[in-house]
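Structure first, commentary second.
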Amino acid sequence: MEKLNIFIVEDESIVAKDIQNSLTKLGYNVVGFANNGKDAIEKIIELAPDLVLMDIMIKGGLTGIDVSEKIKEKMNVPVIFLTAYADEGTLSRAKITEPYGYILKPFKEIDLHSTIEMAVYKHQKDSALLKERDFLYSLVENKDEKTNDILFVKSNSKLVKVYLKDIYFVEALKDYVIINTENARFTVHSTMKDLDKKLGNVEFARVHRSFIARLDKIQSIDNQNVVLEHEKKVIPVGGSYREELMQKLNLL
């Protein structure tokens with residue numbers, strides 16, 4: 001595994017060197033130093049480290065908090081604050097920048113190591129969620145005829161394409177919905193209301209507060225139930241949904 005590249009922002013040269021020695025001993029790679037805000041911003045953008053250790057109180061007109069805010073505007077890099085000041089005012093200002101951790105001076109190597117590892121892990125998870133969110137937003141914003149008949153659902157930590165034509169029915173289960181196709185079931189953290197909107201009201205019908213059925217998969221209907229094709233799945237018809245269902249069917 002490649003070594004993690006870390007940038008140090010610390011205005012005390014002896015302290016900075018001590019941190020470098022600790023990081024090297026722990027198996028990390030120190031790619032650079034800065035002792036003031038201006039240099040820190042320029043070098044961090046240039047070097048693009050995997051993580052930044054940022055002293056809050058540094059030389060010059062910019063604090064470590066100011067630097068973190070400006071860095072956040074330009075790139076996605078996790079920041080851990082180093083500080084000897086644990087007062088409420090400083091921490092309140094610092095948390096606005098959403099750092100990935102705090103280390104109070106003086107600190108032990110084990111504290112440095114555990115904070116860095118947790119920060120990197122959380123940042124990787126956050127980045128993955130951000131990519132997934134942006135991907136889903138792009139699907140919505142660029143929706144056309146090719147994507148109108150497709151849903152992407154999360155299954156085993158990956159997104160799986162599901163064609164609407166393959167869906168038989170959807171069932172509510174507390175805070176989740178289960179999308180049932182002929183060969184698979186997908187459990188999604190959503191509501192029936194939201195999924196009803198995504199499926200549309202032409203090919204699907206809400207037949208019960210806990211069920212949505214695809215119209216062309218319905219084999220028969222009696223007074224209280226809908227029978228679906230394939231495995232003859234029977235789902236209930238709610239009284240308040242029956243009229244709407246009948247209006248969507250091509251009746252003779």
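A note on labels: chains of the structure tokens are A, B, ... as shown, every chain counts residues from 1, and ligands are counted from 1 in their shown order.
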
Within 6 Å of region 231-242 of chain A, counting only C-alpha atoms, which residues show up once you throw out same-chain ones fewer than 6 positions away? Write them as a short mmCIF file (atom, residue, chain, number, x, y, z; two decimals) with C-alpha atoms, in the first residue's frame, please.
data_model
loop_
_atom_site.label_atom_id
_atom_site.label_comp_id
_atom_site.auth_asym_id
_atom_site.auth_seq_id
_atom_site.Cartn_x
_atom_site.Cartn_y
_atom_site.Cartn_z
CA VAL A 207 -52.90 -0.53 -5.19
CA HIS A 208 -52.42 -0.38 -1.44
CA GLN A 224 -59.68 -7.61 -2.51
CA ASN A 225 -56.53 -8.77 -4.32
#

Can you pull out every residue within 12 Å of Tyr176 (chain A), counting only C-alpha atoms, but drop anything in the same chain fewer than 2 positions away, and send it as a VMD selection string? chain A and resid 170 to 174 178 to 179 186 to 195 210

Shortest contact to Leu53 (chain A), candidates A:Glu10, A:Asp126, A:Asp166, A:Glu88, atoms counted only C-alpha atoms, goes to A:Glu10

Please identify which residues in region 109-249 of chain A DSSP calls strand (DSSP E or B) from the backbone, and express them as an MDAnalysis selection string. chainID A and resid 150:155 158:163 167:173 176:181 185:188 204:208 211:214 218:221 225:228 234:236

Please produce a file of those selected residues containing C-alpha atoms, as a compact mmCIF listing (two decimals), in the first residue's frame.
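After the write, result-v4.txt holds the following:
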# COMPACT_ATOMS: atom_id res chain seq x y z
CA ILE A 150 -34.25 2.87 -15.77
CA LEU A 151 -33.70 3.05 -12.02
CA PHE A 152 -30.31 2.72 -10.34
CA VAL A 153 -30.54 1.01 -6.96
CA LYS A 154 -27.81 0.35 -4.41
CA SER A 155 -27.00 -3.33 -3.87
CA LYS A 158 -22.64 -0.76 -5.80
CA LEU A 159 -25.28 0.76 -8.06
CA VAL A 160 -27.27 -1.72 -10.13
CA LYS A 161 -29.36 -0.80 -13.17
CA VAL A 162 -32.97 -1.97 -13.00
CA TYR A 163 -35.32 -1.63 -15.98
CA ILE A 167 -40.34 -4.63 -11.96
CA TYR A 168 -43.35 -6.68 -10.81
CA PHE A 169 -44.25 -4.87 -7.64
CA VAL A 170 -42.88 -2.73 -4.82
CA GLU A 171 -43.56 -3.38 -1.16
CA ALA A 172 -43.15 -1.03 1.82
CA LEU A 173 -41.22 -2.24 4.86
CA TYR A 176 -37.46 0.85 3.35
CA VAL A 177 -39.09 -0.33 0.14
CA ILE A 178 -38.46 -3.66 -1.58
CA ILE A 179 -38.34 -3.60 -5.37
CA ASN A 180 -39.30 -7.03 -6.74
CA THR A 181 -38.30 -8.16 -10.23
CA ARG A 185 -35.19 -8.20 -4.90
CA PHE A 186 -33.65 -4.85 -3.96
CA THR A 187 -34.11 -3.20 -0.58
CA VAL A 188 -33.87 0.60 -0.83
CA PHE A 204 -47.56 1.56 -12.34
CA ALA A 205 -50.42 1.89 -9.89
CA ARG A 206 -50.50 2.27 -6.12
CA VAL A 207 -52.90 -0.53 -5.19
CA HIS A 208 -52.42 -0.38 -1.44
CA PHE A 211 -47.87 -1.93 -2.49
CA ILE A 212 -47.24 -0.58 -5.99
CA ALA A 213 -47.88 -2.93 -8.93
CA ARG A 214 -46.80 -2.76 -12.57
CA ILE A 218 -51.32 -8.01 -13.41
CA GLN A 219 -52.95 -11.29 -14.37
CA SER A 220 -56.25 -10.94 -12.54
CA ILE A 221 -58.12 -8.83 -9.98
CA ASN A 225 -56.53 -8.77 -4.32
CA VAL A 226 -54.34 -8.43 -7.37
CA VAL A 227 -52.71 -11.56 -8.79
CA LEU A 228 -49.45 -11.00 -10.64
CA VAL A 234 -51.07 -12.07 -4.59
CA ILE A 235 -51.07 -8.54 -3.17
CA PRO A 236 -53.98 -6.73 -1.49

Counting only C-alpha atoms, the option among A:Asn76, A:Gly27, A:Lys217, A:Lys70 closest to Ala48 (chain A):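 Answer, going by the shortest atom-to-atom distance: A:Asn76.
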
Contacts of Leu47 (chain A) at 10 Å or less, counting only C-alpha atoms, minus same-chain residues fewer than 2 places along, as a list in words? Asn5, Ile6, Phe7, Val31, Gly32, Glu42, Lys43, Ile44, Ile45, Pro49 and Asp50 of chain A

Closest of A:Ala94, A:Thr63, A:Asn223, A:Met54 to Glu243 (chain A) - atom-to-atom distances counting only C-alpha atoms: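 The shortest atom-to-atom distance to Glu243 (chain A) comes from A:Asn223.
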
Atom pair CA of Pro106 (chain A) + CA of Leu91 (chain A), distance 17.0 Å

Report, in Å with one decimal, the straight-line distance from CA of Lys95 (chain A) to CA of Val52 (chain A).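 One can read the CA of Lys95 (chain A) to CA of Val52 (chain A) distance as 15.5 Å.
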
Mind pulling up the distance from CA of Lys17 (chain A) to CA of Lys108 (chain A)? 14.8 Å

Neighbours of Leu23 (chain A) within 9 Å (only C-alpha atoms; same-chain residues fewer than 5 positions away dropped), as a list of chain:residue names?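 Neighbouring residues, sequence-local ones excluded: A:Ile6, A:Asp18, A:Tyr28, A:Asn29, A:Val30, A:Glu109, A:Leu112, A:His113.
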